[in-house]
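Chemist: Provided below: work06.tsv, containing TSV, C-alpha atoms and all ligand atoms.
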chain	number	residue	atom	x	y	z
A	2	MET	CA	65.69	134.57	153.54
A	3	ARG	CA	68.67	134.26	151.19
A	4	VAL	CA	70.16	130.77	151.12
A	5	GLY	CA	73.39	129.95	149.30
A	6	ILE	CA	73.55	126.37	148.04
A	7	VAL	CA	76.75	124.74	146.85
A	8	GLY	CA	76.14	122.11	144.15
A	9	ALA	CA	73.44	121.73	141.48
A	10	GLY	CA	73.16	117.96	141.77
A	11	ILE	CA	69.85	116.37	142.74
A	12	SER	CA	70.21	117.23	146.46
A	13	GLY	CA	71.10	120.90	145.93
A	14	LEU	CA	68.29	121.37	143.41
A	15	ALA	CA	65.75	119.59	145.64
A	16	ALA	CA	66.67	121.95	148.50
A	17	ALA	CA	66.52	125.03	146.28
A	18	ARG	CA	63.15	124.08	144.83
A	19	ARG	CA	61.58	123.53	148.26
A	20	LEU	CA	63.00	126.82	149.60
A	21	GLN	CA	61.80	128.76	146.57
A	22	GLN	CA	58.32	127.23	146.86
A	23	ALA	CA	58.28	128.40	150.51
A	24	GLY	CA	58.97	131.99	149.37
A	25	HIS	CA	62.73	132.18	149.98
A	26	GLU	CA	65.57	133.16	147.68
A	27	PRO	CA	67.96	130.28	147.11
A	28	VAL	CA	71.00	130.78	144.87
A	29	VAL	CA	72.75	127.63	143.66
A	30	PHE	CA	76.47	127.72	142.82
A	31	GLU	CA	77.63	124.94	140.51
A	32	ALA	CA	81.25	124.36	139.52
A	33	ALA	CA	80.37	122.53	136.28
A	34	PRO	CA	78.95	124.09	133.11
A	35	ALA	CA	75.71	122.07	133.56
A	36	VAL	CA	73.37	120.95	136.34
A	37	GLY	CA	73.06	117.31	137.42
A	38	GLY	CA	76.31	116.30	139.10
A	39	ARG	CA	76.41	112.50	138.97
A	40	ALA	CA	73.08	112.43	137.09
A	41	THR	CA	74.69	113.30	133.79
A	42	THR	CA	74.25	112.47	130.09
A	43	ILE	CA	76.85	112.61	127.33
A	44	LYS	CA	76.56	112.75	123.56
A	45	LEU	CA	78.76	110.30	121.67
A	46	MET	CA	78.46	109.98	117.86
A	47	ASN	CA	74.74	110.95	117.66
A	48	CYS	CA	74.00	108.73	120.67
A	49	LEU	CA	73.02	109.67	124.22
A	50	ALA	CA	74.35	107.76	127.22
A	51	ASP	CA	74.35	108.10	131.01
A	52	PRO	CA	77.86	107.41	132.34
A	53	GLY	CA	76.72	108.03	135.95
A	54	LEU	CA	73.22	107.45	137.33
A	55	GLN	CA	71.52	104.74	135.27
A	56	ALA	CA	67.88	104.97	136.29
A	57	TYR	CA	65.50	106.60	138.75
A	58	THR	CA	63.88	104.10	141.13
A	59	PRO	CA	61.65	106.22	143.38
A	60	ARG	CA	60.63	103.42	145.84
A	61	GLY	CA	57.72	105.53	147.14
A	62	MET	CA	59.99	108.31	148.41
A	63	ALA	CA	59.43	112.05	147.89
A	64	ILE	CA	61.18	112.01	144.50
A	65	GLU	CA	58.30	109.88	143.15
A	66	ARG	CA	55.66	112.59	143.31
A	67	VAL	CA	57.99	115.15	141.74
A	68	LEU	CA	59.10	112.83	138.95
A	69	LEU	CA	55.65	111.49	138.09
A	70	ASN	CA	53.23	114.25	139.07
A	71	GLU	CA	54.86	117.65	139.45
A	72	LEU	CA	57.44	117.99	136.69
A	73	PRO	CA	56.60	117.70	132.99
A	74	THR	CA	56.57	114.02	132.02
A	75	LYS	CA	57.27	114.49	128.31
A	76	GLY	CA	60.14	112.12	127.47
A	77	LEU	CA	59.87	110.30	130.82
A	78	GLN	CA	59.94	106.56	130.17
A	79	LYS	CA	59.40	103.52	132.35
A	80	ILE	CA	62.17	101.04	131.59
A	81	GLU	CA	60.23	98.00	130.44
A	82	LYS	CA	62.96	95.37	130.25
A	83	PRO	CA	64.27	93.96	133.56
A	84	ILE	CA	67.78	93.64	134.95
A	85	HIS	CA	69.23	90.16	134.55
A	86	ILE	CA	72.13	88.63	136.45
A	87	LEU	CA	75.40	87.69	134.79
A	88	SER	CA	76.28	84.43	136.50
A	89	HIS	CA	79.20	82.24	135.44
A	90	GLY	CA	79.36	84.14	132.18
A	91	ARG	CA	75.68	83.62	131.33
A	92	PRO	CA	72.73	86.03	131.68
A	93	ILE	CA	69.96	84.60	133.87
A	94	PRO	CA	66.73	86.27	135.07
A	95	GLY	CA	67.24	88.52	138.09
A	96	SER	CA	65.24	88.80	141.29
A	97	GLN	CA	61.57	89.11	140.40
A	98	GLU	CA	60.93	91.14	143.50
A	99	LYS	CA	63.65	93.70	142.67
A	100	ASN	CA	62.51	93.91	139.06
A	101	LEU	CA	58.99	94.81	140.22
A	102	GLN	CA	60.33	98.20	141.39
A	103	PRO	CA	59.53	100.65	138.56
A	104	ARG	CA	62.65	102.19	137.02
A	105	TYR	CA	62.51	105.37	134.97
A	106	THR	CA	64.64	107.28	132.51
A	107	TYR	CA	64.16	110.13	130.05
A	108	GLU	CA	64.43	109.91	126.30
A	109	SER	CA	67.05	112.67	126.40
A	110	GLY	CA	69.00	111.08	129.25
A	111	ALA	CA	69.27	111.03	133.04
A	112	VAL	CA	70.25	114.70	133.13
A	113	ARG	CA	66.71	115.67	132.16
A	114	PHE	CA	65.44	115.28	135.74
A	115	PRO	CA	67.92	117.80	137.26
A	116	GLU	CA	67.35	120.05	134.25
A	117	LEU	CA	63.61	120.07	134.96
A	118	LEU	CA	64.19	120.59	138.69
A	119	SER	CA	66.38	123.61	137.96
A	120	GLU	CA	63.80	125.42	135.82
A	121	GLY	CA	62.93	128.77	137.39
A	122	LEU	CA	65.73	128.54	139.98
A	123	ASP	CA	68.67	130.92	140.24
A	124	VAL	CA	71.51	128.54	139.32
A	125	ARG	CA	74.98	129.95	138.64
A	126	LEU	CA	76.81	127.53	136.37
A	127	ASP	CA	80.61	127.56	135.97
A	128	SER	CA	80.77	128.96	139.50
A	129	PRO	CA	83.10	126.85	141.64
A	130	VAL	CA	83.04	127.80	145.31
A	131	GLU	CA	86.65	127.92	146.43
A	132	SER	CA	85.96	129.19	149.96
A	133	LEU	CA	83.22	130.32	152.33
A	134	GLU	CA	83.32	133.54	154.33
A	135	LYS	CA	81.59	134.49	157.55
A	136	ARG	CA	80.84	138.14	158.34
A	137	GLN	CA	79.12	138.77	161.67
A	138	ASN	CA	75.89	136.84	161.40
A	139	ARG	CA	75.98	136.21	157.65
A	140	PHE	CA	77.88	134.10	155.19
A	141	SER	CA	79.25	134.98	151.83
A	142	ILE	CA	79.93	132.94	148.72
A	143	ARG	CA	81.67	134.44	145.69
A	144	GLY	CA	80.99	137.95	147.07
A	145	GLU	CA	77.24	137.41	147.71
A	146	GLU	CA	75.74	137.44	151.21
A	147	PHE	CA	73.44	134.77	152.63
A	148	ASP	CA	71.60	134.05	155.89
A	149	SER	CA	72.16	130.28	155.66
A	150	LEU	CA	74.11	127.82	153.52
A	151	ILE	CA	73.51	124.30	152.24
A	152	LEU	CA	76.57	122.30	151.15
A	153	THR	CA	75.87	119.33	148.86
A	154	PRO	CA	79.15	118.17	147.23
A	155	PRO	CA	80.63	114.81	148.23
A	156	LEU	CA	81.73	115.05	151.87
A	157	PRO	CA	85.52	115.44	151.36
A	158	GLU	CA	84.81	118.66	149.44
A	159	VAL	CA	82.32	119.75	152.13
A	160	GLY	CA	85.07	119.24	154.74
A	161	ARG	CA	87.45	121.39	152.71
A	162	LEU	CA	84.87	124.17	152.32
A	163	LEU	CA	84.02	124.16	156.05
A	164	GLY	CA	87.74	124.32	156.81
A	165	THR	CA	87.99	127.65	154.97
A	166	ILE	CA	86.00	129.26	157.81
A	167	GLY	CA	87.58	127.18	160.56
A	168	LYS	CA	84.59	124.83	160.96
A	169	SER	CA	84.31	121.06	160.87
A	170	ARG	CA	81.63	118.35	161.19
A	171	SER	CA	81.78	114.66	161.99
A	172	ILE	CA	82.31	113.48	158.42
A	173	ALA	CA	85.84	112.06	158.64
A	174	ASN	CA	84.63	108.44	158.61
A	175	ALA	CA	82.52	108.82	155.48
A	176	SER	CA	83.99	107.23	152.35
A	177	TYR	CA	83.05	106.79	148.70
A	178	ARG	CA	83.83	104.11	146.17
A	179	PRO	CA	85.35	105.03	142.82
A	180	CYS	CA	83.81	103.83	139.55
A	181	LEU	CA	85.24	103.55	136.08
A	182	SER	CA	82.43	103.87	133.59
A	183	VAL	CA	82.87	103.12	129.89
A	184	VAL	CA	80.42	104.07	127.13
A	185	LEU	CA	80.65	102.06	123.91
A	186	ALA	CA	78.75	102.92	120.71
A	187	TYR	CA	78.26	100.54	117.75
A	188	ASP	CA	76.63	101.04	114.36
A	189	VAL	CA	75.29	97.49	114.69
A	190	ALA	CA	71.98	96.34	116.18
A	191	LEU	CA	71.64	93.63	118.81
A	192	ASN	CA	69.95	90.79	116.98
A	193	PRO	CA	67.97	89.25	118.53
A	194	SER	CA	67.21	91.99	121.00
A	195	PRO	CA	67.93	90.66	124.52
A	196	PRO	CA	65.12	90.21	127.08
A	197	TYR	CA	66.92	92.56	129.55
A	198	SER	CA	68.06	96.20	129.64
A	199	ALA	CA	71.08	95.62	131.89
A	200	LEU	CA	73.20	92.87	133.43
A	201	LEU	CA	74.39	92.90	137.02
A	202	SER	CA	77.36	90.61	137.40
A	203	ASP	CA	77.72	88.21	140.30
A	204	ASP	CA	80.71	86.34	138.93
A	205	ARG	CA	84.45	86.84	138.81
A	206	MET	CA	84.94	86.27	135.09
A	207	SER	CA	85.01	90.00	134.42
A	208	PRO	CA	85.64	93.01	136.69
A	209	VAL	CA	82.67	94.73	134.98
A	210	LEU	CA	79.90	94.87	137.58
A	211	TRP	CA	77.15	96.49	135.51
A	212	LEU	CA	76.49	96.37	131.79
A	213	GLY	CA	73.64	98.68	130.84
A	214	ILE	CA	72.25	98.69	127.30
A	215	GLU	CA	71.22	102.28	126.73
A	216	THR	CA	69.41	101.38	123.52
A	217	GLU	CA	67.26	98.82	125.37
A	218	LYS	CA	66.66	101.21	128.27
A	219	SER	CA	65.22	103.82	125.93
A	220	LYS	CA	64.58	103.37	122.23
A	221	ASN	CA	65.51	106.89	121.17
A	222	ARG	CA	69.06	107.06	122.49
A	223	ALA	CA	70.76	106.24	119.17
A	224	PRO	CA	70.02	106.06	115.43
A	225	GLU	CA	68.02	103.06	114.25
A	226	GLY	CA	70.23	99.96	114.08
A	227	TRP	CA	72.82	101.20	116.62
A	228	THR	CA	73.67	99.81	120.07
A	229	VAL	CA	75.08	101.71	123.05
A	230	PHE	CA	76.42	100.11	126.24
A	231	VAL	CA	77.50	101.58	129.57
A	232	ALA	CA	79.91	99.27	131.39
A	233	GLN	CA	80.69	100.08	135.02
A	234	PHE	CA	83.57	98.41	136.83
A	235	GLY	CA	83.37	97.20	140.43
A	236	PRO	CA	85.06	99.23	143.19
A	237	GLY	CA	88.17	97.01	143.47
A	238	TYR	CA	89.14	97.24	139.80
A	239	SER	CA	88.09	100.90	139.62
A	240	ARG	CA	90.29	101.84	142.59
A	241	GLN	CA	93.27	99.99	141.12
A	242	HIS	CA	92.85	101.38	137.60
A	243	LEU	CA	91.48	104.87	138.21
A	244	GLU	CA	94.52	106.41	136.50
A	245	SER	CA	95.14	103.64	133.94
A	246	PRO	CA	95.08	104.61	130.25
A	247	GLU	CA	91.90	104.02	128.22
A	248	SER	CA	93.90	101.56	126.12
A	249	SER	CA	94.06	99.16	129.07
A	250	ILE	CA	90.53	99.74	130.46
A	251	VAL	CA	88.36	99.60	127.33
A	252	PRO	CA	89.55	96.16	126.04
A	253	VAL	CA	88.32	94.59	129.31
A	254	CYS	CA	84.78	95.79	128.47
A	255	LEU	CA	85.12	94.79	124.83
A	256	SER	CA	86.02	91.22	125.66
A	257	LEU	CA	82.90	90.93	127.86
A	258	VAL	CA	80.62	92.52	125.24
A	259	ALA	CA	82.06	90.41	122.41
A	260	ARG	CA	81.74	87.23	124.51
A	261	LEU	CA	78.07	88.00	125.21
A	262	PHE	CA	76.94	89.41	121.86
A	263	GLY	CA	79.43	88.20	119.26
A	264	PRO	CA	82.70	89.30	117.60
A	265	ARG	CA	81.04	92.24	115.78
A	266	PHE	CA	81.00	93.94	119.18
A	267	ALA	CA	84.78	93.81	119.59
A	268	SER	CA	85.16	97.09	117.66
A	269	PRO	CA	83.03	100.06	118.74
A	270	VAL	CA	82.75	103.14	116.53
A	271	GLY	CA	82.84	105.41	119.59
A	272	GLN	CA	84.05	105.11	123.18
A	273	TYR	CA	84.19	107.34	126.26
A	274	VAL	CA	85.65	106.72	129.73
A	275	LYS	CA	84.41	108.55	132.82
A	276	ARG	CA	86.50	108.22	136.00
A	277	TRP	CA	84.29	108.78	139.02
A	278	VAL	CA	86.52	109.32	142.05
A	279	GLU	CA	83.48	109.53	144.34
A	280	SER	CA	80.73	107.53	142.69
A	281	GLN	CA	78.55	106.47	145.63
A	282	PRO	CA	79.11	106.51	149.39
A	283	GLU	CA	80.50	103.33	150.91
A	284	ARG	CA	80.07	104.67	154.44
A	285	VAL	CA	77.76	107.63	155.05
A	286	ALA	CA	77.84	110.28	157.79
A	287	LEU	CA	74.16	110.46	158.72
A	288	PHE	CA	72.33	113.76	158.23
A	289	GLN	CA	71.23	113.99	161.88
A	290	SER	CA	74.74	113.54	163.27
A	291	VAL	CA	76.40	115.85	160.72
A	292	ASN	CA	73.92	118.66	161.33
A	293	PRO	CA	73.53	119.62	165.00
A	294	ASN	CA	70.37	121.66	165.69
A	295	GLY	CA	70.71	125.40	165.29
A	296	GLU	CA	73.55	125.35	162.72
A	297	ARG	CA	72.94	127.68	159.81
A	298	ILE	CA	75.27	125.75	157.55
A	299	ILE	CA	73.51	122.51	156.61
A	300	VAL	CA	75.37	119.61	155.01
A	301	ALA	CA	73.32	117.46	152.61
A	302	GLY	CA	73.91	115.20	149.59
A	303	ASP	CA	73.87	111.42	149.22
A	304	GLY	CA	76.87	111.15	151.59
A	305	THR	CA	74.51	112.06	154.44
A	306	TYR	CA	71.87	109.47	153.54
A	307	ALA	CA	72.67	106.75	150.97
A	308	GLY	CA	74.05	106.63	147.44
A	309	ARG	CA	71.01	106.88	145.24
A	310	ALA	CA	69.02	109.65	143.58
A	311	GLU	CA	65.94	109.20	145.77
A	312	ASN	CA	68.11	109.53	148.88
A	313	ALA	CA	70.04	112.53	147.57
A	314	TYR	CA	66.68	114.16	146.83
A	315	GLU	CA	65.44	113.39	150.36
A	316	SER	CA	68.60	114.86	151.92
A	317	GLY	CA	68.03	118.10	150.00
A	318	LEU	CA	64.48	118.30	151.35
A	319	MET	CA	65.73	117.63	154.89
A	320	ALA	CA	68.25	120.48	154.55
A	321	ALA	CA	65.58	122.89	153.28
A	322	ASP	CA	63.18	121.85	156.06
A	323	ARG	CA	65.86	122.51	158.71
A	324	ILE	CA	66.19	126.05	157.43
A	325	LEU	CA	62.43	126.55	157.24
A	326	ARG	CA	62.02	125.31	160.84
A	327	MET	CA	64.77	127.65	162.06
A	328	GLU	CA	62.93	130.55	160.50
A	329	ASP	CA	59.67	129.56	162.26
A	330	ARG	CA	61.30	129.85	165.70
B	1	LIG	C1	78.46	105.43	138.12
B	1	LIG	C2	77.26	105.80	138.96
B	1	LIG	C3	76.09	105.06	138.84
B	1	LIG	C4	74.97	105.40	139.62
B	1	LIG	N1	73.79	104.73	139.42
B	1	LIG	C5	72.69	105.13	140.08
B	1	LIG	C6	71.43	104.59	139.74
B	1	LIG	O1	71.28	103.80	138.82
B	1	LIG	N2	70.34	105.00	140.45
B	1	LIG	C7	70.45	105.95	141.45
B	1	LIG	O2	69.42	106.30	142.05
B	1	LIG	N3	71.64	106.49	141.75
B	1	LIG	C8	72.76	106.13	141.08
B	1	LIG	N4	73.95	106.73	141.34
B	1	LIG	C9	74.04	107.65	142.48
B	1	LIG	C10	73.42	109.03	142.18
B	1	LIG	O3	73.92	109.50	140.97
B	1	LIG	C11	73.82	109.97	143.32
B	1	LIG	O4	73.41	109.41	144.56
B	1	LIG	C12	73.18	111.35	143.21
B	1	LIG	O5	73.20	111.82	141.89
B	1	LIG	C13	73.95	112.29	144.13
B	1	LIG	O6	73.41	113.59	144.07
B	1	LIG	P1	74.03	114.73	144.98
B	1	LIG	O7	73.29	115.98	144.71
B	1	LIG	O8	74.09	114.26	146.40
B	1	LIG	O9	75.57	114.86	144.55
B	1	LIG	P2	76.22	115.26	143.13
B	1	LIG	O10	75.41	114.75	142.02
B	1	LIG	O11	77.65	114.86	143.24
B	1	LIG	O12	76.11	116.86	143.14
B	1	LIG	C14	77.06	117.68	143.76
B	1	LIG	C15	77.32	118.86	142.85
B	1	LIG	O13	78.21	119.76	143.52
B	1	LIG	C16	79.11	120.31	142.56
B	1	LIG	N5	80.28	120.79	143.29
B	1	LIG	C17	81.21	120.06	143.95
B	1	LIG	N6	82.09	120.89	144.55
B	1	LIG	C18	81.71	122.15	144.26
B	1	LIG	C19	82.22	123.45	144.60
B	1	LIG	N7	83.31	123.60	145.37
B	1	LIG	N8	81.58	124.54	144.12
B	1	LIG	C20	80.45	124.42	143.34
B	1	LIG	N9	79.93	123.22	143.00
B	1	LIG	C21	80.54	122.11	143.46
B	1	LIG	C22	79.39	119.13	141.62
B	1	LIG	O14	79.87	119.59	140.37
B	1	LIG	C23	78.01	118.47	141.54
B	1	LIG	O15	77.27	118.98	140.46
B	1	LIG	C24	75.07	106.45	140.55
B	1	LIG	C25	76.23	107.21	140.66
B	1	LIG	C26	77.32	106.89	139.85
B	1	LIG	C27	78.54	107.76	139.90
Using structure tokens, write down the structure from this file.
Modeler:
Amino acid sequence: MRVGIVGAGISGLAAARRLQQAGHEPVVFEAAPAVGGRATTIKLMNCLADPGLQAYTPRGMAIERVLLNELPTKGLQKIEKPIHILSHGRPIPGSQEKNLQPRYTYESGAVRFPELLSEGLDVRLDSPVESLEKRQNRFSIRGEEFDSLILTPPLPEVGRLLGTIGKSRSIANASYRPCLSVVLAYDVALNPSPPYSALLSDDRMSPVLWLGIETEKSKNRAPEGWTVFVAQFGPGYSRQHLESPESSIVPVCLSLVARLFGPRFASPVGQYVKRWVESQPERVALFQSVNPNGERIIVAGDGTYAGRAENAYESGLMAADRILRMEDR
């Protein structure tokens, strides 16, 4: 069976991989020039940083076996240092229980996992799907015919695509939070090296919710003696400042970093701002209610489950399994 999949993020690739393993012919259409979607890695001044997904935390779900046992594990690293809490301006140890969950990354960045998933799959990069078409019993995408479709972009885009063939699903109540993410690179080492790899803020002194230290997460992300941070703002600030210039966003991160690590960190040698309009779902539209039985267009992605990689992966498998079950009948 030929299955057209929109989106080469973790969910679309998980679906394609399962279908291909079951002997089908999935074709994945991806608007961007690379796979990964929100699991992405950028290069900034000889440094690698993840402005989206920070770490893989499999929590015993299906992604775990793939990550640890099925795909090549070269460059896969367990993040040794825990997450601490930023409370009243001071880092304090975080929940022991939460820090017991193993967290993983790759030496070459978060994008490595989707890259590995995509190996051997038919993925068409730079191929935005503007509309769907339905001809008799088949569907077509960018002039190619398919028996079934899987749609994995964030749900507002799924709604738009369905609308191009006069269809809809119950996704109107789903919503996503925005996230401003700032990467900062310094040709200065953190000395002493902190006992944590990231700080999760629970105070109001800064609108930065998450401060990840890429160079503590994985040692090979930057040249020796450099430090790279990823600062992610909370949803309130991100929503309000999504269109604000870099010149007003970056100083907010710098003042936090300089306060924590000293005045040398007030002046980065490189900076990058990523504006995620749909970073993670705030309210999901559950897979079962979005996908009535018998439909040959399946909607997947983290918006149908929950906003994390392991859930996006699971939703892709659920979509593939729906199609495989339909074929069995
Ligand atoms: C800032 C941030 C931090 C995060 N931190 C973590 C974390 O630490 N741990 C964790 O587990 N998760 C984290 N997440 C969430 C995680 O990244 C997502 O849940 C997961 O990557 C979603 O995968 P997906 O396949 O559902 O969607 P996406 O990754 O969004 O994939 C959808 C793909 O569809 C493509 N697309 C969209 N429209 C079209 C079209 N019309 N035609 C063709 N292609 C199209 C997009 O380009 C994209 O590649 C974070 C996300 C963000 C943004």
Chemist: In Å to one decimal, how far is CA of Glu215 in chain A from CA of Lys275 in chain A?
Modeler: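 So the two atoms, CA of Lys275 in chain A and CA of Glu215 in chain A, lie 15.8 Å apart.
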Chemist: Using Å and a single decimal, report how far atom O3 of ligand LIG 1 (chain B) sits from CA of Pro154 in chain A.
Modeler: 11.9 Å
Chemist: Dump the neighbourhood of ligand LIG 1 (chain B) as number ranges by chain: all residues within 7 Å, distances computed on all atoms listed in the file.
Modeler: A: 7-13, 30-33, 36-40, 52-58, 128-131, 153-155, 158, 180, 182, 233, 277, 279-281, 302-304, 307-313
Chemist: How many Å lie between CA of Cys48 in chain A and CA of Ser249 in chain A, rounded to one decimal?
Modeler: 23.8 Å
Chemist: Enumerate, as a ChimeraX atom specification, the protein, DNA and RNA residues whose atoms approach (62.3, 97.3, 137.2) to within 7 Å, taking into account all atoms listed in the file and the coordinate frame of the file.
Modeler: /A:80,83-84,99-104
Chemist: With distances taken over only C-alpha atoms, which residue among A:Ser149, A:Asn192, A:Ser202, A:Asn138 lies nearest Ser88 in chain A?
Modeler: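 Checking each candidate against Ser88 in chain A, we get A:Ser202 as the closest.
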Chemist: Would you please work out which residue, of A:Pro179, A:Pro269, A:Gly295, A:Pro195, is nearest to Tyr238 in chain A when using all atoms listed in the file?
Modeler: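 Going through A:Pro179, A:Pro269, A:Gly295, A:Pro195 one by one, the smallest distance to Tyr238 in chain A is for A:Pro179.
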Chemist: For Phe288 in chain A, which of A:Tyr273, A:Tyr306, A:Phe230, A:Tyr197 is the closest residue, counting only C-alpha atoms?
Modeler: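 When distances to Phe288 in chain A are compared using only C-alpha atoms, the smallest one comes from A:Tyr306.
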Chemist: I'd like the neighbourhood of Pro27 in chain A as a list in words, where a residue qualifies if any of its atoms comes within 8 Å (using all atoms listed in the file), though same-chain residues fewer than 2 positions away should be ignored.
Modeler: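 So, after excluding close chain neighbours, the residues are Arg3, Val4, Gly5, Ile6, Ala17, Leu20, Gln21, His25, Val29, Leu122 and Asp123 of chain A.
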Chemist: Measuring atom to atom with only C-alpha atoms, identify which of A:Leu261, A:Ala301, A:Ile64, A:Gln22 is nearest to Pro115 in chain A.
Modeler: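 Distance minimum relative to Pro115 in chain A lands on A:Ile64.
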Chemist: Ranking A:Arg18, A:Arg143, A:Arg60, A:Arg326 by minimum distance to Glu120 in chain A and counting all atoms listed in the file, which one comes first?
Modeler: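 Of A:Arg18, A:Arg143, A:Arg60, A:Arg326, the one nearest Glu120 in chain A, counting all atoms listed in the file, is A:Arg18.
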Chemist: Using all atoms listed in the file, determine which residues lie at most 10 Å from Leu325 in chain A, disregarding the query and same-chain residues fewer than 2 positions distant; provide the list as a list in words.
Modeler: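 Residues near the query, excluding close chain neighbours: Met2, Arg19, Leu20, Ala23, His25, Met319, Ala320, Ala321, Asp322, Arg323, Met327, Glu328, Asp329 and Arg330 of chain A.
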Chemist: Select, from A:Ala50, A:Val209, A:Ala223, A:Ile142, the residue with the minimum atom-to-atom distance to Val189 in chain A, counting all atoms listed in the file.
Modeler: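 Closest residue, counting all atoms listed in the file: A:Ala223.
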Chemist: Applying 10 Å and only C-alpha atoms, which residues near Ile93 in chain A remain after dropping the ones on its own chain fewer than 6 positions away? List them as a count of residues only.
Modeler: 7
Chemist: Considering all atoms listed in the file, return as a PDB file with C-alpha atoms, keeping the file's coordinate frame whatever protein or nucleic-acid residues lie within 12 Å of Ser290 in chain A, sequence-local ones (same chain, fewer than 6 positions apart) excluded.
Modeler:
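Listing of part28.pdb after writing:
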ATOM      1  CA  ARG A 170      81.630 118.350 161.190  1.00  0.00           C
ATOM      2  CA  SER A 171      81.780 114.660 161.990  1.00  0.00           C
ATOM      3  CA  ILE A 172      82.310 113.480 158.420  1.00  0.00           C
ATOM      4  CA  ALA A 175      82.520 108.820 155.480  1.00  0.00           C
ATOM      5  CA  GLU A 296      73.550 125.350 162.720  1.00  0.00           C
ATOM      6  CA  ILE A 299      73.510 122.510 156.610  1.00  0.00           C
ATOM      7  CA  VAL A 300      75.370 119.610 155.010  1.00  0.00           C
ATOM      8  CA  ALA A 301      73.320 117.460 152.610  1.00  0.00           C
ATOM      9  CA  THR A 305      74.510 112.060 154.440  1.00  0.00           C
ATOM     10  CA  TYR A 306      71.870 109.470 153.540  1.00  0.00           C
TER      11      TYR A 306
END
